[in-house]
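Next comes coords_8.txt, a file with compact mmCIF, C-alpha atoms.
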```txt
# COMPACT_ATOMS: atom_id res chain seq x y z
CA MET A 204 7.40 20.33 10.50
CA LYS A 205 9.69 19.65 7.58
CA LEU A 206 8.97 17.87 4.29
CA TYR A 207 11.95 16.61 2.31
CA ASP A 208 10.50 17.37 -1.05
CA LEU A 209 10.87 17.08 -4.81
CA GLU A 210 8.66 19.43 -6.81
CA LEU A 211 8.12 17.02 -9.73
CA SER A 212 7.27 13.99 -7.53
CA GLY A 213 3.58 13.14 -7.37
CA ASN A 214 4.23 11.38 -4.07
CA CYS A 215 5.69 14.58 -2.60
CA TYR A 216 2.90 16.61 -4.16
CA LYS A 217 0.23 14.54 -2.45
CA VAL A 218 1.70 15.56 0.92
CA ARG A 219 2.01 19.23 -0.10
CA LEU A 220 -1.57 19.15 -1.41
CA PHE A 221 -2.94 17.57 1.76
CA CYS A 222 -1.14 20.08 3.97
CA ALA A 223 -2.64 22.91 1.91
CA LEU A 224 -6.16 21.46 2.02
CA ALA A 225 -6.04 20.67 5.74
CA GLY A 226 -4.30 23.91 6.70
CA ILE A 227 -1.25 22.16 8.14
CA PRO A 228 1.86 24.38 8.10
CA VAL A 229 4.89 22.62 6.63
CA THR A 230 8.35 23.80 5.64
CA LEU A 231 9.59 22.41 2.34
CA HIS A 232 13.16 21.20 2.16
CA PRO A 233 13.92 20.71 -1.56
CA VAL A 234 16.16 17.71 -2.18
CA ASP A 235 18.71 17.59 -5.01
CA PHE A 236 17.22 14.52 -6.64
CA MET A 237 19.15 14.79 -9.92
CA GLY A 238 22.32 15.03 -7.84
CA GLY A 239 21.35 11.89 -5.93
CA GLU A 240 21.08 13.59 -2.53
CA HIS A 241 18.27 11.15 -1.55
CA LYS A 242 20.76 8.26 -1.90
CA THR A 243 23.40 9.81 0.39
CA ALA A 244 24.06 8.39 3.86
CA PRO A 245 22.15 11.06 5.82
CA PHE A 246 19.06 10.47 3.68
CA LEU A 247 19.34 6.68 3.74
CA ALA A 248 19.50 6.97 7.53
CA MET A 249 16.12 8.74 7.38
CA ASN A 250 14.64 6.46 4.73
CA PRO A 251 16.51 3.25 3.85
CA LEU A 252 14.43 2.97 0.66
CA GLY A 253 16.15 6.13 -0.60
CA GLU A 254 12.84 7.64 -1.69
CA LEU A 255 10.99 10.88 -1.19
CA PRO A 256 8.99 12.27 0.51
CA ILE A 257 10.26 12.10 4.08
CA LEU A 258 8.41 13.94 6.85
CA GLN A 259 10.04 15.16 10.04
CA ASP A 260 7.77 16.43 12.81
CA GLY A 261 9.78 16.82 16.00
CA ASP A 262 10.85 13.30 16.97
CA VAL A 263 8.61 11.72 14.36
CA LEU A 264 10.35 10.69 11.15
CA LEU A 265 8.26 9.05 8.45
CA ARG A 266 8.75 7.60 4.97
CA ASP A 267 6.08 6.64 2.42
CA SER A 268 3.57 9.17 1.14
CA GLN A 269 0.57 7.03 2.13
CA ALA A 270 1.87 6.65 5.69
CA ILE A 271 2.58 10.38 5.88
CA LEU A 272 -1.02 11.15 4.84
CA VAL A 273 -2.31 8.82 7.58
CA TYR A 274 -0.07 10.53 10.13
CA LEU A 275 -1.00 14.08 9.17
CA ALA A 276 -4.71 13.29 8.94
CA THR A 277 -4.93 11.46 12.26
CA GLN A 278 -2.55 13.77 14.14
CA TYR A 279 -3.81 17.13 12.83
CA GLY A 280 -6.97 16.57 10.81
CA GLY A 281 -9.34 14.93 13.28
CA GLU A 282 -11.83 12.64 11.55
CA ALA A 283 -12.42 14.98 8.64
CA TRP A 284 -9.89 13.38 6.30
CA CYS A 285 -9.40 9.93 7.80
CA PRO A 286 -12.21 8.10 9.60
CA LYS A 287 -11.35 6.34 12.85
CA ASP A 288 -14.01 3.62 12.86
CA PRO A 289 -12.43 0.35 11.75
CA ALA A 290 -14.61 -0.37 8.71
CA HIS A 291 -14.24 3.05 7.10
CA LEU A 292 -10.59 3.32 8.07
CA ALA A 293 -10.03 -0.02 6.32
CA GLU A 294 -11.86 1.23 3.21
CA VAL A 295 -9.44 4.16 3.14
CA ILE A 296 -6.48 1.81 3.60
CA ALA A 297 -7.68 -0.34 0.67
CA TRP A 298 -7.45 2.73 -1.59
CA LEU A 299 -4.04 3.61 -0.13
CA SER A 300 -2.89 0.10 -1.10
CA THR A 301 -4.25 0.77 -4.58
CA ALA A 302 -2.21 3.99 -4.70
CA ALA A 303 0.96 2.21 -3.52
CA ASN A 304 0.45 -0.76 -5.82
CA ASN A 305 -1.65 -0.25 -8.95
CA ILE A 306 -1.43 3.51 -9.45
CA GLN A 307 2.30 3.49 -8.68
CA HIS A 308 2.99 0.65 -11.10
CA GLY A 309 0.49 1.95 -13.67
CA PRO A 310 0.31 5.67 -14.47
CA ALA A 311 3.15 6.69 -12.12
CA ASP A 312 5.68 4.26 -13.57
CA ALA A 313 4.52 5.13 -17.10
CA ARG A 314 5.39 8.75 -16.32
CA LEU A 315 8.79 7.74 -14.90
CA ILE A 316 9.55 6.07 -18.22
CA GLU A 317 8.36 8.88 -20.48
CA LEU A 318 9.49 11.86 -18.43
CA PHE A 319 12.65 10.61 -16.73
CA GLY A 320 13.74 7.62 -18.85
CA TYR A 321 13.42 5.00 -16.12
CA PRO A 322 14.23 1.52 -17.51
CA LEU A 323 10.83 0.02 -16.67
CA ASP A 324 8.52 -2.08 -18.84
CA LYS A 325 6.08 0.30 -20.54
CA ALA A 326 3.66 -2.46 -21.59
CA SER A 327 3.25 -3.53 -17.98
CA THR A 328 2.45 0.06 -16.90
CA VAL A 329 -0.16 0.30 -19.65
CA ALA A 330 -1.67 -3.05 -18.64
CA GLN A 331 -1.77 -1.98 -14.99
CA SER A 332 -3.43 1.33 -15.97
CA ASP A 333 -5.97 -0.47 -18.17
CA PHE A 334 -6.72 -2.72 -15.20
CA ILE A 335 -7.12 -0.15 -12.45
CA LEU A 336 -8.56 2.97 -14.12
CA PRO A 337 -11.88 1.26 -14.96
CA VAL A 338 -12.15 0.35 -11.27
CA PHE A 339 -11.85 4.03 -10.37
CA GLU A 340 -14.28 4.95 -13.16
CA ALA A 341 -16.90 2.52 -11.85
CA GLN A 342 -16.49 3.68 -8.26
CA LEU A 343 -16.59 7.37 -9.20
CA SER A 344 -19.60 6.87 -11.47
CA ARG A 345 -21.58 5.94 -8.37
CA HIS A 346 -19.93 8.16 -5.76
CA ASP A 347 -18.47 11.68 -5.77
CA TRP A 348 -15.56 10.50 -3.60
CA LEU A 349 -13.78 7.18 -3.14
CA VAL A 350 -14.85 6.56 0.48
CA LEU A 351 -17.80 7.86 2.47
CA ASN A 352 -19.43 10.84 0.82
CA ARG A 353 -16.63 13.25 1.36
CA PRO A 354 -13.02 13.82 0.35
CA THR A 355 -10.56 11.77 2.36
CA ILE A 356 -6.89 10.92 2.10
CA ALA A 357 -7.98 8.04 -0.17
CA ASP A 358 -8.74 10.65 -2.84
CA ILE A 359 -5.61 12.68 -2.14
CA ALA A 360 -3.36 9.59 -2.32
CA ASN A 361 -4.64 8.58 -5.74
CA PHE A 362 -5.25 11.96 -7.38
CA PRO A 363 -1.70 13.07 -8.29
CA TYR A 364 -0.57 10.22 -10.54
CA ILE A 365 -4.00 9.92 -12.15
CA ALA A 366 -3.92 13.65 -12.90
CA LEU A 367 -0.37 13.25 -14.26
CA ALA A 368 -1.24 10.15 -16.32
CA HIS A 369 -1.06 12.08 -19.62
CA GLN A 370 2.66 12.65 -18.97
CA GLY A 371 3.11 8.88 -19.20
CA GLY A 372 1.01 8.64 -22.33
CA ILE A 373 -1.98 7.23 -20.43
CA SER A 374 -5.21 8.83 -21.65
CA LEU A 375 -8.20 9.55 -19.40
CA ALA A 376 -10.50 10.16 -22.41
CA ALA A 377 -12.49 7.00 -21.70
CA TYR A 378 -13.01 7.91 -18.05
CA PRO A 379 -15.45 10.84 -17.66
CA ALA A 380 -16.23 10.08 -14.01
CA ILE A 381 -12.53 10.19 -13.15
CA ARG A 382 -12.21 13.54 -14.92
CA GLN A 383 -15.20 14.94 -13.01
CA TRP A 384 -13.69 13.70 -9.74
CA MET A 385 -10.44 15.48 -10.60
CA THR A 386 -12.41 18.67 -11.19
CA ARG A 387 -14.06 18.25 -7.77
CA ILE A 388 -10.67 17.84 -6.11
CA GLN A 389 -9.30 20.88 -7.93
CA ALA A 390 -12.30 22.88 -6.68
CA LEU A 391 -11.61 22.09 -3.00
CA PRO A 392 -10.81 25.16 -0.89
CA ASN A 393 -7.05 25.86 -0.74
CA PHE A 394 -6.25 23.40 -3.54
CA ILE A 395 -2.74 23.80 -4.92
CA GLY A 396 -1.33 22.38 -8.14
CA MET A 397 2.06 21.24 -9.30
CA PRO A 398 3.77 21.36 -12.72
CA ALA A 399 1.34 19.75 -15.23
CA ILE A 400 -1.55 19.98 -12.72
CA ASP A 401 -3.19 23.42 -12.75
CA MET B 241 -17.39 -13.51 9.67
CA LYS B 242 -16.55 -14.97 6.28
CA LEU B 243 -13.27 -14.94 4.37
CA TYR B 244 -13.42 -15.61 0.64
CA ASP B 245 -10.23 -17.56 0.49
CA LEU B 246 -7.66 -19.28 -1.68
CA GLU B 247 -5.36 -21.68 0.14
CA LEU B 248 -2.30 -20.98 -2.03
CA SER B 249 -2.61 -17.20 -1.89
CA GLY B 250 -0.16 -15.47 0.44
CA ASN B 251 -2.55 -12.53 0.65
CA CYS B 252 -5.34 -14.82 1.88
CA TYR B 253 -2.92 -16.61 4.19
CA LYS B 254 -1.93 -13.37 5.91
CA VAL B 255 -5.58 -12.91 6.94
CA ARG B 256 -5.95 -16.54 8.05
CA LEU B 257 -2.68 -16.24 10.00
CA PHE B 258 -3.71 -13.02 11.70
CA CYS B 259 -7.11 -14.44 12.68
CA ALA B 260 -5.34 -17.46 14.21
CA LEU B 261 -2.80 -15.32 16.10
CA ALA B 262 -5.39 -12.85 17.38
CA GLY B 263 -8.01 -15.49 18.19
CA ILE B 264 -10.58 -14.09 15.77
CA PRO B 265 -13.09 -16.72 14.59
CA VAL B 266 -13.52 -16.72 10.82
CA THR B 267 -15.30 -19.05 8.42
CA LEU B 268 -13.35 -19.84 5.27
CA HIS B 269 -15.21 -19.79 1.97
CA PRO B 270 -12.87 -21.44 -0.57
CA VAL B 271 -13.10 -19.79 -3.99
CA ASP B 272 -12.65 -21.74 -7.24
CA PHE B 273 -9.75 -19.62 -8.45
CA MET B 274 -8.68 -21.94 -11.26
CA GLY B 275 -12.28 -21.90 -12.49
CA GLY B 276 -12.27 -18.09 -12.44
CA GLU B 277 -14.98 -17.74 -9.78
CA HIS B 278 -13.31 -14.54 -8.49
CA LYS B 279 -13.95 -12.92 -11.90
CA THR B 280 -17.68 -13.72 -11.98
CA ALA B 281 -20.27 -10.97 -11.52
CA PRO B 282 -21.13 -11.74 -7.87
CA PHE B 283 -17.45 -11.58 -6.94
CA LEU B 284 -16.74 -8.45 -8.99
CA ALA B 285 -19.66 -6.84 -7.19
CA MET B 286 -17.85 -7.55 -3.90
CA ASN B 287 -14.40 -6.61 -5.22
CA PRO B 288 -14.17 -4.85 -8.58
CA LEU B 289 -10.45 -5.71 -8.72
CA GLY B 290 -11.41 -9.37 -8.97
CA GLU B 291 -8.88 -10.35 -6.35
CA LEU B 292 -8.84 -12.35 -3.14
CA PRO B 293 -9.15 -12.17 -0.19
CA ILE B 294 -12.50 -10.56 0.48
CA LEU B 295 -13.81 -10.26 4.04
CA GLN B 296 -17.46 -10.08 4.97
CA ASP B 297 -18.34 -9.20 8.55
CA GLY B 298 -22.05 -8.44 8.79
CA ASP B 299 -22.56 -5.29 6.71
CA VAL B 300 -18.84 -4.72 6.34
CA LEU B 301 -17.38 -5.89 3.03
CA LEU B 302 -13.66 -5.35 2.47
CA ARG B 303 -11.09 -6.00 -0.25
CA ASP B 304 -7.29 -5.80 0.02
CA SER B 305 -5.37 -7.93 2.49
CA GLN B 306 -3.65 -4.94 4.08
CA ALA B 307 -6.97 -3.16 4.63
CA ILE B 308 -8.48 -6.34 6.06
CA LEU B 309 -5.62 -6.61 8.56
CA VAL B 310 -6.21 -3.01 9.65
CA TYR B 311 -9.92 -3.71 10.06
CA LEU B 312 -9.49 -6.90 12.05
CA ALA B 313 -6.76 -5.44 14.25
CA THR B 314 -8.59 -2.22 15.06
CA GLN B 315 -12.05 -3.79 15.38
CA TYR B 316 -11.11 -6.91 17.34
CA GLY B 317 -7.49 -6.68 18.40
CA GLY B 318 -7.36 -3.51 20.49
CA GLU B 319 -3.95 -1.86 20.34
CA ALA B 320 -2.02 -5.11 20.57
CA TRP B 321 -1.55 -5.56 16.83
CA CYS B 322 -2.10 -2.06 15.45
CA PRO B 323 -1.17 1.04 17.45
CA LYS B 324 -3.65 3.92 17.47
CA ASP B 325 -1.29 6.84 18.07
CA PRO B 326 -0.70 8.61 14.76
CA ALA B 327 3.10 8.24 14.57
CA HIS B 328 3.19 4.50 15.25
CA LEU B 329 0.09 3.86 13.17
CA ALA B 330 1.82 5.63 10.28
CA GLU B 331 4.94 3.48 10.76
CA VAL B 332 2.73 0.41 10.43
CA ILE B 333 1.08 1.87 7.32
CA ALA B 334 4.51 2.50 5.74
CA TRP B 335 5.26 -1.23 6.03
CA LEU B 336 1.80 -2.08 4.68
CA SER B 337 2.64 0.07 1.64
CA THR B 338 5.88 -1.88 1.32
CA ALA B 339 3.86 -5.12 1.36
CA ALA B 340 1.41 -3.83 -1.26
CA ASN B 341 4.14 -2.37 -3.46
CA ASN B 342 7.64 -3.84 -3.15
CA ILE B 343 6.94 -7.27 -1.68
CA GLN B 344 4.00 -7.78 -4.03
CA HIS B 345 6.02 -6.80 -7.10
CA GLY B 346 9.17 -8.55 -5.84
CA PRO B 347 8.95 -12.00 -4.24
CA ALA B 348 5.17 -12.37 -4.68
CA ASP B 349 5.19 -11.69 -8.43
CA ALA B 350 8.31 -13.89 -8.82
CA ARG B 351 6.28 -16.74 -7.28
CA LEU B 352 3.33 -16.02 -9.58
CA ILE B 353 5.66 -16.47 -12.54
CA GLU B 354 7.38 -19.63 -11.34
CA LEU B 355 4.44 -21.37 -9.71
CA PHE B 356 1.49 -20.27 -11.84
CA GLY B 357 3.05 -19.11 -15.11
CA TYR B 358 1.92 -15.49 -14.89
CA PRO B 359 3.28 -13.48 -17.87
CA LEU B 360 5.20 -10.99 -15.75
CA ASP B 361 8.78 -9.74 -16.13
CA LYS B 362 10.99 -11.97 -13.97
CA ALA B 363 13.98 -9.61 -14.09
CA SER B 364 11.89 -6.82 -12.61
CA THR B 365 10.72 -9.07 -9.75
CA VAL B 366 14.34 -9.99 -9.02
CA ALA B 367 15.39 -6.33 -9.10
CA GLN B 368 12.53 -5.37 -6.78
CA SER B 369 13.50 -8.21 -4.38
CA ASP B 370 17.17 -7.17 -4.47
CA PHE B 371 16.05 -3.64 -3.63
CA ILE B 372 13.66 -4.32 -0.77
CA LEU B 373 15.03 -7.40 1.04
CA PRO B 374 18.19 -5.58 2.20
CA VAL B 375 15.91 -2.91 3.68
CA PHE B 376 14.14 -5.61 5.73
CA GLU B 377 17.51 -7.16 6.63
CA ALA B 378 18.83 -3.84 7.94
CA GLN B 379 15.67 -3.12 9.92
CA LEU B 380 15.51 -6.63 11.40
CA SER B 381 19.21 -6.60 12.26
CA ARG B 382 18.46 -3.81 14.69
CA HIS B 383 14.95 -4.76 15.83
CA ASP B 384 13.15 -8.03 16.53
CA TRP B 385 10.00 -6.69 14.85
CA LEU B 386 9.34 -4.14 12.11
CA VAL B 387 7.55 -1.57 14.29
CA LEU B 388 7.66 -0.92 18.03
CA ASN B 389 9.17 -3.82 19.93
CA ARG B 390 6.39 -6.26 19.32
CA PRO B 391 4.68 -8.14 16.52
CA THR B 392 2.15 -6.00 14.65
CA ILE B 393 0.20 -6.34 11.43
CA ALA B 394 3.26 -4.81 9.73
CA ASP B 395 5.05 -8.13 10.32
CA ILE B 396 2.03 -10.23 9.37
CA ALA B 397 1.48 -8.31 6.12
CA ASN B 398 5.05 -8.85 4.93
CA PHE B 399 5.78 -12.33 6.28
CA PRO B 400 3.91 -14.58 3.81
CA TYR B 401 5.53 -13.61 0.52
CA ILE B 402 8.97 -13.32 2.10
CA ALA B 403 8.54 -16.82 3.56
CA LEU B 404 7.37 -18.03 0.13
CA ALA B 405 10.20 -16.27 -1.76
CA HIS B 406 11.98 -19.55 -2.48
CA GLN B 407 9.00 -20.62 -4.59
CA GLY B 408 9.81 -17.72 -6.91
CA GLY B 409 13.48 -18.56 -6.98
CA ILE B 410 14.37 -15.70 -4.61
CA SER B 411 16.91 -16.85 -2.03
CA LEU B 412 17.04 -15.58 1.55
CA ALA B 413 20.52 -17.03 2.12
CA ALA B 414 22.06 -13.56 2.32
CA TYR B 415 19.52 -12.38 4.88
CA PRO B 416 20.07 -14.01 8.29
CA ALA B 417 18.12 -11.37 10.21
CA ILE B 418 15.09 -11.94 7.98
CA ARG B 419 15.35 -15.69 8.58
CA GLN B 420 15.53 -15.15 12.34
CA TRP B 421 12.48 -12.87 12.18
CA MET B 422 10.59 -15.58 10.29
CA THR B 423 11.49 -18.04 13.04
CA ARG B 424 10.18 -15.59 15.64
CA ILE B 425 6.89 -15.25 13.75
CA GLN B 426 6.58 -19.03 13.41
CA ALA B 427 7.09 -19.32 17.17
CA LEU B 428 4.18 -17.01 18.02
CA PRO B 429 1.36 -18.71 19.97
CA ASN B 430 -1.32 -20.15 17.65
CA PHE B 431 0.82 -19.68 14.51
CA ILE B 432 -0.52 -21.57 11.51
CA GLY B 433 1.28 -22.35 8.25
CA MET B 434 0.24 -22.81 4.67
CA PRO B 435 1.59 -25.03 1.88
CA ALA B 436 5.36 -24.33 1.67
CA ILE B 437 5.33 -22.57 5.06
CA ASP B 438 5.56 -25.03 7.93
```

Show how you would write the structure in this file as structure tokens.
Amino acid sequence: MKLYDLELSGNCYKVRLFCALAGIPVTLHPVDFMGGEHKTAPFLAMNPLGELPILQDGDVLLRDSQAILVYLATQYGGEAWCPKDPAHLAEVIAWLSTAANNIQHGPADARLIELFGYPLDKASTVAQSDFILPVFEAQLSRHDWLVLNRPTIADIANFPYIALAHQGGISLAAYPAIRQWMTRIQALPNFIGMPAID
Amino acid sequence: MKLYDLELSGNCYKVRLFCALAGIPVTLHPVDFMGGEHKTAPFLAMNPLGELPILQDGDVLLRDSQAILVYLATQYGGEAWCPKDPAHLAEVIAWLSTAANNIQHGPADARLIELFGYPLDKASTVAQSDFILPVFEAQLSRHDWLVLNRPTIADIANFPYIALAHQGGISLAAYPAIRQWMTRIQALPNFIGMPAID
């Protein structure tokens, strides 16, 4: 199984992290992002959005970090990381939507601006962060994990860009429950970090 | 089963549409959106994001239109609308992420600006639309439906705000395959429209 990967991408990291936690062997294929390799024809043929990560597992070729987590968890992880019953599965999916929408356009985009100079609207990333982080804080004040009473891919999908929020100038000082949740994730067996996440 | 609903919301419409297509009985509970009912305490207790739709099915309470589609399809629709095998399920999820991310922040946000005066950045909604609509066009030039060879919740999740794009000033003139796909969706048995979608 091959992951087309960028070390500094939180979306790639969430796949690397999940593979480590779930004990799924994966070969990393580093992509020359600065050189624009992800926008070349062979890569656009794999993912027309021109984004990373991309997962290749035999005949299966997948884009989108949330989708890749669902695939890996349901194909290799049993029910441990992604429940199969419709109601709990849907709860997980709701948090994956939050990762793809609010966390992406909040802390993740803020980091793209500060770290990589993306021409995005900083005020809108701050507003999105101010909107969604209190929702996480409230949820994690009442529960150790986002869904059920155990770590699932809902946590793994949202963790990276929340843990990297400081790189976009988004402070977590007002969110003690989020910080405790991050500590719980970092204490999971076989946890791995990435640059700026120990 | 009760749907907390707003007639003009494309996210609520995608749930109403799916229930109609799949023959799932649902009672609509119209919410006084202009009066801010969705931001009152009872509603925030159901969905801390203060957004619609919200689905209540006995003890099951769900936010997020994508998550609700997954719930309804897996609980009541068998495999017809949402495949269970991990690779195809993940393909569906990738398009749900696209709905929650690119379509939301492209055509859907453009409509929020033009129709409801939301203080969002119009240029960014146009850029997001110009980025993602060609991806749909390419996919739908080669396939009748987004995933597999049949309509799934991937199509239903993305259809509303693409069909409403004109209300945000986003033209589909350059996208004939998208327009043909919309015609196919509108021809599905038991299809229902909403204001501005016949």

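With only C-alpha atoms taken into account, chain A has Asp267, Ala270, Val273, Tyr274, Thr277, Gln278, Pro289, Ala290, Ala293, Ile296, Ala297, Ser300, Ala303 and Asn304 of chain A at most 6 Å from chain B.
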
task: Provide the CA of Ala417 (chain B) to CA of Glu377 (chain B) distance in Å, to one decimal place.
output: 5.6 Å

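Pairwise distance (CA of Gln259 (chain A), CA of Lys205 (chain A)) equals 5.1 Å.
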
Find the smallest box with edges along x, y and z containing every listed atom of region 335-341 of chain B, then add 3 Å on each side and report centre and edge lengths in Å to one decimal, as JSON.
```
{"center_x": 3.6, "center_y": -2.5, "center_z": 1.3, "size_x": 10.5, "size_y": 11.2, "size_z": 15.5}
```

task: Identify, on the basis of only C-alpha atoms, every residue whose closest approach to Pro363 (chain A) does not exceed 10 Å; exclude the query and any residue fewer than 5 positions from it along the same chain; express the result as number ranges by chain.
output: A: 212-217, 220, 302, 306, 310-311, 358, 368, 385, 396-397, 400

For the selection just defined, write its residues with C-alpha atoms to a file, as a PDB file, keeping the file's coordinate frame.
```pdb
ATOM      1  CA  SER A 212       7.270  13.990  -7.530  1.00  0.00           C
ATOM      2  CA  GLY A 213       3.580  13.140  -7.370  1.00  0.00           C
ATOM      3  CA  ASN A 214       4.230  11.380  -4.070  1.00  0.00           C
ATOM      4  CA  CYS A 215       5.690  14.580  -2.600  1.00  0.00           C
ATOM      5  CA  TYR A 216       2.900  16.610  -4.160  1.00  0.00           C
ATOM      6  CA  LYS A 217       0.230  14.540  -2.450  1.00  0.00           C
ATOM      7  CA  LEU A 220      -1.570  19.150  -1.410  1.00  0.00           C
ATOM      8  CA  ALA A 302      -2.210   3.990  -4.700  1.00  0.00           C
ATOM      9  CA  ILE A 306      -1.430   3.510  -9.450  1.00  0.00           C
ATOM     10  CA  PRO A 310       0.310   5.670 -14.470  1.00  0.00           C
ATOM     11  CA  ALA A 311       3.150   6.690 -12.120  1.00  0.00           C
ATOM     12  CA  ASP A 358      -8.740  10.650  -2.840  1.00  0.00           C
ATOM     13  CA  ALA A 368      -1.240  10.150 -16.320  1.00  0.00           C
ATOM     14  CA  MET A 385     -10.440  15.480 -10.600  1.00  0.00           C
ATOM     15  CA  GLY A 396      -1.330  22.380  -8.140  1.00  0.00           C
ATOM     16  CA  MET A 397       2.060  21.240  -9.300  1.00  0.00           C
ATOM     17  CA  ILE A 400      -1.550  19.980 -12.720  1.00  0.00           C
TER      18      ILE A 400
END
```

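Considering the residues A:Leu209, A:Leu318, A:Leu336, A:Ala399 and counting all atoms listed in the file, Glu254 (chain A) has its shortest atom-to-atom contact with A:Leu209.
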
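As for CA of His383 (chain B) and CA of Tyr415 (chain B), they are spaced 14.1 Å apart.
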
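Proximity of B:Tyr244, B:Phe258, B:Tyr401, B:Tyr358 to Ile432 (chain B), computed with only C-alpha atoms, is greatest for B:Phe258.
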
task: For region 227-236 of chain A, please output as number ranges by chain all residues within 8 Å (counting only C-alpha atoms; exclusion window: fewer than 3 positions along the same chain).
output: A: 204-210, 222-224, 239-241, 279

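The shortest atom-to-atom distance to Ala350 (chain B), with only C-alpha atoms taken into account, belongs to B:Leu404 out of B:Ala320, B:Leu388, B:Ile425, B:Leu404.
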
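If you measure from each of A:Gly281, A:Phe319, A:Gly261, A:Arg219 to Gly371 (chain A) using all atoms listed in the file, the closest one turns out to be A:Phe319.
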
Could I get region 266-277 of chain A from the block written out with N, CA, C and O atoms, as a CSV table (one decimal), in the first residue's frame?
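Ended up saving to decode_24.csv:
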```
chain,number,residue,atom,x,y,z
A,266,ARG,N,-8.6,9.5,-3.2
A,266,ARG,CA,-8.2,10.9,-2.8
A,266,ARG,C,-9.0,11.2,-1.6
A,266,ARG,O,-9.9,10.5,-1.2
A,267,ASP,N,-8.6,12.4,-1.0
A,267,ASP,CA,-9.3,12.9,0.2
A,267,ASP,C,-9.0,12.2,1.5
A,267,ASP,O,-9.3,11.0,1.7
A,268,SER,N,-8.4,12.9,2.4
A,268,SER,CA,-7.9,12.3,3.6
A,268,SER,C,-9.0,11.7,4.4
A,268,SER,O,-8.8,10.6,5.0
A,269,GLN,N,-10.2,12.3,4.5
A,269,GLN,CA,-11.3,11.8,5.2
A,269,GLN,C,-11.7,10.4,4.6
A,269,GLN,O,-12.0,9.4,5.3
A,270,ALA,N,-11.8,10.4,3.3
A,270,ALA,CA,-12.2,9.2,2.6
A,270,ALA,C,-11.2,8.1,2.8
A,270,ALA,O,-11.6,6.9,3.0
A,271,ILE,N,-9.9,8.4,2.8
A,271,ILE,CA,-8.9,7.4,3.0
A,271,ILE,C,-9.0,6.9,4.4
A,271,ILE,O,-8.8,5.6,4.6
A,272,LEU,N,-9.3,7.7,5.4
A,272,LEU,CA,-9.5,7.2,6.8
A,272,LEU,C,-10.6,6.2,6.8
A,272,LEU,O,-10.5,5.1,7.5
A,273,VAL,N,-11.7,6.5,6.2
A,273,VAL,CA,-12.9,5.6,6.2
A,273,VAL,C,-12.5,4.3,5.5
A,273,VAL,O,-12.8,3.2,6.0
A,274,TYR,N,-11.8,4.4,4.4
A,274,TYR,CA,-11.3,3.1,3.7
A,274,TYR,C,-10.4,2.3,4.6
A,274,TYR,O,-10.7,1.1,4.8
A,275,LEU,N,-9.4,2.9,5.2
A,275,LEU,CA,-8.4,2.1,6.0
A,275,LEU,C,-9.1,1.5,7.2
A,275,LEU,O,-8.9,0.4,7.6
A,276,ALA,N,-10.0,2.3,7.8
A,276,ALA,CA,-10.6,1.8,9.1
A,276,ALA,C,-11.6,0.7,8.8
A,276,ALA,O,-11.7,-0.3,9.5
A,277,THR,N,-12.4,0.8,7.7
A,277,THR,CA,-13.4,-0.2,7.4
A,277,THR,C,-12.7,-1.4,6.8
A,277,THR,O,-13.2,-2.6,7.0
```
